[in-house]
Each structure stands twice: as C-alpha cells, then as structure tokens.
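Shown next, in structure tokens, is the structure this report addresses.
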Amino acid sequence: MLDTLVIGSGYAGSAIAARLAPHGRVLVVERGRRWRPGDFPRGVVGLGRAYLTARHPDGLWAMRLGAGTGVAFASAVGGSSAVNYGITARPDDHVFDAWPVTAAQLDPYFARARDVLRPSASPRADRLGDKAFLDLVEPGRRVDLENTIDWERCDDCGRCVPGCNRGAKRTLEDSYLALALAAGAELRPGTEAIDHVALPDGRHLVALRPTGGGGGGCEWVTARHVVIAAGTLGTLDLLHRWRLPVGPRFGERIGLNGDGLAFLHDTPHALTSHSGAPISTSVRLPFVDADGRTRTLTVMSGRVPAAALRFTAAALALAAGRLADGDAPGGASTPGSALRRLRDLVVVDGGGALSRSFMFKLDAEDSSAGRARFTRAGAVIDWPDYADDPILRFAEARLRDWAARTGGRVIKSVARLTGGRGFSVHPLGGCRMGRSIDDGVVDDVGRVFDPRGGVHPGLRIADGSVVPGSIGVPPSWTIAAVAERIADDLIAEQRRART
Ligand SMILES: Cc1cc2nc3c(=O)[nH]c(=O)nc-3n(C[C@H](O)[C@H](O)[C@H](O)COP(=O)(O)OP(=O)(O)OC[C@H]3O[C@@H](n4cnc5c(N)ncnc54)[C@H](O)[C@@H]3O)c2cc1C
Ligand code: SF4
C-alpha cells in the first residue's frame with residue numbers, strides 16, 4: 001500500500017513528492033510523457049503535432065475555450081515547467097491579505113522552494129537595453145527577474161516556450177522531481193488518475209490507466225493519502241468527475257493572472273539586442289480598484305524569439321496601422337520612421353523598426369471573476385468580460401502614457417483568441433484556500449472541506465487551483481511555496497498517525 005499517491009508532477013506535485021518521499025512510499029502519476037531536450041516542437045507545424053487530443057493523448061499542450069477566455073496548459077513530466085519561461089517571482093505582500101495564510105507564514109516556504117528551484121539573473125541582461133527603457137518610463141519601479149536557467153548553456157534563442165532543446169532551462173526534472181526520485185519516490189509517466197473511492201477506514205482507492213486509455217486496463221491502487229496536484233484545470237476535472245462532496249465555492253473565483261502581450265512599436269529608443277533572450281526585467285505598478293484595494297500590475301519586458309524575428313518584424317510593420325491602439329498617440333514621426341517600417345517589410349532581419357520596439361508580457365492581479373463550466377472536454381473558464389477587467393484597461397492606459405512620453409505606437413492585446421477571448425497560461429483558483437467552507441474549497445494546508453462536516457480524511461489539493469485568485473506575477477514559485485507548506489503539515493499528520 002502507498003503512503004502517498006500524488007496526482008500530477010508540476011510544481012505542486014513534485015514539491016510534495018520530494019518532501020514526502022523520505023517518510024514513506026510515494027507514487028507520482030503523470031498523464032504526460034517525458035520530453036527531453038531535442039524533443040520539443042520547433043515550429044508552428046511541430047506545435048500543431050504536439051497538440052493533446054483524444055486521438056493524441058500524449059500531446060504536450062492543449063487549450064480550452066470558455067466564454068471570454070482561452071486557457072492553455074501543458075501535459076508532461078514536470079508539468080508546465082517543461083514549457084514555461086522559468087521566471088521565478090514573488091508576489092507583493094498585499095496579495096496575501098485575503099489569504100488564510102500570511103506572507104510571514106509563507107516566507108520560510110518561499111525560501112525553501114527557492115533553494116530547490118535555484119533561479120538566477122541573466123548575466124547578459126544589463127546589455128539588452130530594456131532596463132534603461134523601463135527606468136525612463138517608470139523611474140524607481142524596476143524589479144529585475146530571475147529564471148530557472150543555466151545561463152552558461154543558454155544561447156538566448158528565446159524558445160523557452162514551448163521547451164528548451166538545448167537543455168539549458170532547468171525544469172522540475174532537474175530540481176524537485178530529481179530530489180523526489182533520489183529519495184525513493186516512484187514516477188509513472190503516461191498514467192492518468194481517473195476514478196476514486198474513499199474507503200470507510202479513511203484510505204483511498206484510485207483508478208489509474210495509461211493516458212487516453214489506449215491498450216491498457218484500469219489498475220486500482222490503495223493509498224493512505226492522496227494529493228491532487230493535477231494543475232488548475234486538471235484538478236477541477238478530477239473533482240468534478242469523482243463527484244466528491246465539496247463546498248459551494250468549488251469552481252468559483254478563478255483568476256487568469258491578467259495574462260497579456262503588447263508592443264510599443266518603433267520608438268525612438270533602440271534595443272541593444274532583439275536576440276530573444278529570456279525575460280529578465282519588469283516594472284511593478286500599483287493599481288487601486290473601485291473598492292480602494294491595491295492590486296499589482298507587472299509589465300515584463302521580453303524579446304522576440306530569434307526564430308520569429310522575420311515574421312514579427314513584418315507582422316508588426318503591417319499591423320502598426322491596423323492594430324495600433326486607436327486611443328493612443330500616433331507616435332512620434334521621427335525622421336526615418338516610415339523608412340524603418342518599410343525596411344521591416346522588405347529586409348526583415350530584426351533591424352528596422354523592430355530594433356526600436358519593445359515587447360511586454362503582462363501579469364496582473366485581475367478581479368478573479370472566472371467560473372468553471374464542465375464540458376465533455378473538461379473544465380473551461382467562463383468570464384465573458386475578462387478582456388475588459390479594470391486592471392487590463394489600466395495596463396493599456398499606462399502603455400499609452402509611455403507612448404505619449406517616449407514616442408512609438410502601442411499595439412495592445414495581441415494575445416487574443418477567436419471571439420476576442422483573453423488568453424491565459426496562469427489560471428489560479430477554483431479550489432481556493434479559505435478559512436471555512438463558505439470561503440474556500442480547502443483549508444490553508446490543502447485539506448478538502450466536506451459539506452457534511454470537517455474535512456475529507458487523507459485527501460489534499462496542492463496546486464494552482466488552491467491559490468485564492470490572481471497574484472500579479474508568474475505563479476510557479478508561489479505554487480511551490482504553498483505546496484511546501486502543505487507537505488510539512490502532511491508529514492506531521494503521517495507522523496501522528498504512526499505513533
Ligand atoms: C507557456 C507557459 C509559460 C509559463 N511561464 C511561466 C513562467 O515563466 N513563470 C511562472 O512562474 N509560471 C509560468 N507559467 C505558469 C506555471 O508554469 C504554472 O502556473 C504552473 O506550472 C502550475 O503548476 P501546478 O503544479 O499547479 O500544475 P502543472 O504544472 O500544470 O502540472 C500539473 C500536471 O498534472 C498532470 N495531470 C493532469 N491531470 C492528471 C491526471 N488525471 N492524472 C495524472 N496527471 C494529471 C498534467 O499533465 C500536468 O503535467 C507558464 C505556463 C505556461 C503554460
Ligand atoms: S533562451 Fe533558448 S537556450 Fe536559453 S533557456 Fe530558453 S530555449 Fe533554452
């Protein structure tokens with residue numbers, strides 16, 4: 001019998017497995033397969049081939065479209081660490097005001113997670129030109145970023161998404177999962193958890209099968225403790241399918257972390273390099289909402305991946321007229337700007353207007369007003385007016401202000417899907433931590449509230465779904481810190497049960 005079954009090998013699942021493995025028998029099941037350097041898709045065709053469908057269940061990524069939103073996620077050993085930028089950032093303290101756990105209580109766990117993830121700043125970041133630009137538009141607000149990247153091996157190709165083929169990005173396979181396996185945890189890739197029965201004595205039966213069900217029957221395993229860490233959508237799917245009695249907040253108050261991508265095109269300020277180097281700097285801007293609450297908008301400065309320079313230069317030159325924000329200034333018509341744009345259409349080498357353009361990835365503490373709806377494909381997030389969230393409007397206004405002061409044209413919100421849906425890779429919440437069943441689905445250590453009273457024995461949720469809404473910075477470090485705290489409590493519970 002297992003002491004702990006962990007479902008999902010992303011930030012939460014790997015952290016839990018790493019901490020629990022020295023204390024008992026741990027099995028981690030992961031729906032996705034292993035992706036090694038060299039395996040990751042290299043172009044648009046490759047990305048299409050790597051799409052996860054019922055006929056291609058070992059695909060790397062997929063997207064779910066809801067009303068007003070589209071959410072993309074990965075399915076792989078290491079969860080989304082396989083495909084992400086490895087940006088490791090801590091939220092501002094005020095974010096935790098509405099949580100059932102304080103910033104001070106979480107700090108030791110942030111420190112612990114950082115020791116394992118080992119993020120560091122790019123040694124080349126000072127040369128790229130975007131720090132100087134951010135200092136110009138938002139003096140004193142710059143926050144430089146760290147990534148889980150081995151900078152000596154990194155060639156700044158900018159293809160961290162959808163996966164590093166050089167092996168320079170340190171995924172969870174190089175950190176938490178390696179620790180878990182070294183401590184004796186067992187990992188089963190290509191295996192999905194599908195069903196669950198809670199036994200009267202508090203143990204759990206969980207049905208596992210090869211992902212997609214092809215060619216294999218179902219195996220039931222018994223575990224004293226089950227930790228669901230299947231990612232926000234995956235966990236919503238499982239709880240819905242298992243028909244577990246949960247509280248009324250289930251599937252509510254989901255944040256999309258204000259994900260966005262915008263450009264300031266053809267400014268008078270040159271970037272030293274548009275090499276595609278990973279995102280390494282940002283500014284954090286306070287936004288005061290209608291209730292007087294301060295929320296964080298993080299504007300991260302990125303560069304176009306080397307492989308997409310030609311396409312992006314031409315697309316931006318063409319779009320500068322059509323997609324440019326109508327309410328924004330037309331941009332300083334500096335001598336040569338028309339020629340620079342024309343050059344991008346003809347020469348397309350990353351020089352021209354592109355070398356004077358800034359790409360911004362936005363993360364924001366949006367209003368977390370998403371709601372899960374369950375379809376045959378699984379959970380989708382409905383939030384019809386997500387794209388109009390006040391903090392996203394604030395972001396647009398701020399970029400317009402920058403353009404007015406520095407020149408250049410704002411090209412806003414290129415991360416839009418069919419029907420004007422906002423696009424996100426950071427869904428958070430749906431099984432949020434709360435002080436009681438009226439406020440959350442789990443308590444501050446991931447125990448699942450049972451509407452019949454107390455909590456479901458031996459069952460915890462630990463991933464992005466327990467984060468109580470958007471946090472305004474990339475979330476992996478926060479998810480790992482929350483999981484570290486849950487692991488501590490679970491170890492203590494297992495110890496108590498043995499004595
Ligand atoms: C393209 C992209 C770029 C990003 N960039 C950054 C960044 O730079 N920095 C940052 O902090 N965050 C980034 N993020 C977000 C971050 O990666 C996620 O928030 C984080 O990975 C979520 O961790 P998790 O543990 O909740 O779940 P995940 O990492 O999503 O892992 C969940 C795992 O569970 C598996 N699973 C699901 N259902 C089952 C089942 N039934 N049985 C078995 N396994 C199952 C899934 O296949 C998946 O591998 C990015 C995300 C994406 C997609
Ligand atoms: S920039 Fe290229 S080499 Fe560097 S970590 Fe990202 S994908 Fe790997």
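Labels for the structure tokens follow display order: chains A, B, ..., residues from 1 in each chain, ligands from 1.
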Per residue of chain A within 9 Å of ligand 2, which atom pair is closest and at what distance in Å (one decimal), using only C-alpha atoms and all ligand atoms, listed by chain and increasing number, as a tab-separated table?
```
residue	atom	partner	partner_atom_place_in_ligand_line	distance
A:Tyr85	CA	ligand 2	6 (Fe)	7.0
A:Gly86	CA	ligand 2	5 (S)	8.4
A:Asn147	CA	ligand 2	5 (S)	8.8
A:Thr148	CA	ligand 2	5 (S)	8.3
A:Ile149	CA	ligand 2	5 (S)	5.6
A:Asp150	CA	ligand 2	5 (S)	7.2
A:Trp151	CA	ligand 2	4 (Fe)	7.1
A:Arg153	CA	ligand 2	3 (S)	6.6
A:Cys154	CA	ligand 2	4 (Fe)	3.7
A:Asp155	CA	ligand 2	3 (S)	4.6
A:Asp156	CA	ligand 2	1 (S)	3.8
A:Cys157	CA	ligand 2	2 (Fe)	4.0
A:Gly158	CA	ligand 2	1 (S)	3.9
A:Arg159	CA	ligand 2	7 (S)	4.0
A:Cys160	CA	ligand 2	7 (S)	3.6
A:Val161	CA	ligand 2	7 (S)	7.0
A:Pro162	CA	ligand 2	7 (S)	8.1
A:Gly163	CA	ligand 2	7 (S)	6.1
A:Cys164	CA	ligand 2	7 (S)	3.8
A:Asn165	CA	ligand 2	7 (S)	6.3
A:Arg166	CA	ligand 2	3 (S)	5.4
A:Gly167	CA	ligand 2	8 (Fe)	6.3
A:Ala168	CA	ligand 2	8 (Fe)	4.7
A:Lys169	CA	ligand 2	5 (S)	4.3
A:Arg170	CA	ligand 2	5 (S)	8.0
A:Gly276	CA	ligand 2	1 (S)	6.7
A:Ala277	CA	ligand 2	1 (S)	5.4
A:Pro278	CA	ligand 2	1 (S)	5.4
A:Pro305	CA	ligand 2	1 (S)	8.0
```
>> For ligand 1, return the neighbouring residues as a PyMOL selection string (distance at most 6 Å; only C-alpha atoms and all ligand atoms).
In response: chain A and resi 7-13+29-32+72-81+83-88+161+191-194+229-232+234+425-426+463-464+474-477
> Got a sec to tell me which of range 124-307 of chain A DSSP assigns to strand (DSSP E or B), as JSON, numbers by chain?
Replying inline: {"A": [142, 143, 144, 147, 149, 169, 186, 187, 188, 191, 192, 193, 194, 195, 196, 197, 198, 204, 205, 206, 207, 208, 209, 210, 219, 220, 221, 222, 223, 224, 225, 226, 227, 228, 254, 255, 260, 261, 262, 263, 264, 265, 281, 282, 283, 284, 285, 286, 287, 288, 294, 295, 296, 297, 298, 299, 300, 301, 302]}
Could the residues of range 15-132 of chain A that have an atom at most 7 Å from range 481-493 of chain A be listed as a tab-separated table, each with its closest atom pair and the distance in Å to one decimal, counting only C-alpha atoms and ordered by chain and ascending residue number?
```
residue	atom	partner	partner_atom	distance
A:Ala15	CA	A:Glu484	CA	6.2
A:Ile16	CA	A:Ala487	CA	5.4
A:Arg19	CA	A:Ala487	CA	6.3
A:Leu20	CA	A:Ile491	CA	6.6
A:Leu106	CA	A:Ala481	CA	6.9
A:Tyr109	CA	A:Ala481	CA	4.8
A:Phe110	CA	A:Ala481	CA	4.8
A:Ala113	CA	A:Ala481	CA	5.7
```
>> Quick one: residues within 6 Å of range 259-274 of chain A, only C-alpha atoms, excluding same-chain residues fewer than 2 positions away - as number ranges by chain?
In response: A: 128-129, 257, 276, 303, 353, 355-363, 407-415, 424
Identify, on the basis of only C-alpha atoms, every residue whose closest approach to Pro468 in chain A does not exceed 10 Å; exclude the query and any residue fewer than 4 positions from it along the same chain; express the result as a short mmCIF file (atom, residue, chain, number, x, y, z; two decimals) with C-alpha atoms, in the first residue's frame.
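Full text of selection01.cif as output:
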```cif
data_model
loop_
_atom_site.label_atom_id
_atom_site.label_comp_id
_atom_site.auth_asym_id
_atom_site.auth_seq_id
_atom_site.Cartn_x
_atom_site.Cartn_y
_atom_site.Cartn_z
CA VAL A 95 -1.60 39.79 -2.23
CA PHE A 96 -1.69 37.61 0.89
CA ALA A 98 -7.05 37.97 1.53
CA TRP A 99 -5.44 34.56 2.09
CA PRO A 100 -5.93 32.32 5.13
CA GLU A 252 -15.59 29.91 -8.41
CA ARG A 253 -13.37 33.00 -8.28
CA ILE A 254 -10.81 31.82 -10.79
CA GLY A 255 -8.16 34.33 -11.78
CA SER A 368 -10.55 36.70 -10.39
CA LEU A 428 -5.40 30.17 -10.49
CA GLY A 429 -8.18 29.22 -8.09
CA GLY A 430 -11.35 27.19 -8.36
CA CYS A 431 -10.45 25.16 -5.25
CA ARG A 432 -9.23 28.19 -3.34
CA MET A 433 -7.86 28.09 0.19
CA GLY A 434 -10.26 29.61 2.68
CA ASP A 439 -14.96 30.96 1.86
CA GLY A 440 -12.94 28.18 0.23
CA GLY A 464 -2.58 26.31 -8.69
#
```
> Any idea what's packed within 8 Å of Asp195 in chain A, counting only C-alpha atoms, ignoring anything in its chain fewer than 3 positions away? Could you give it as a list of chain:residue names?
Replying inline: A:Val206, A:Ala207, A:Leu208, A:Leu238, A:Arg241, A:Trp242
>> From the options A:Pro123, A:Gly378, A:Gly247, A:Gly68, which residue's atoms come nearest to Gly419 in chain A, counting only C-alpha atoms?
In response: A:Gly68
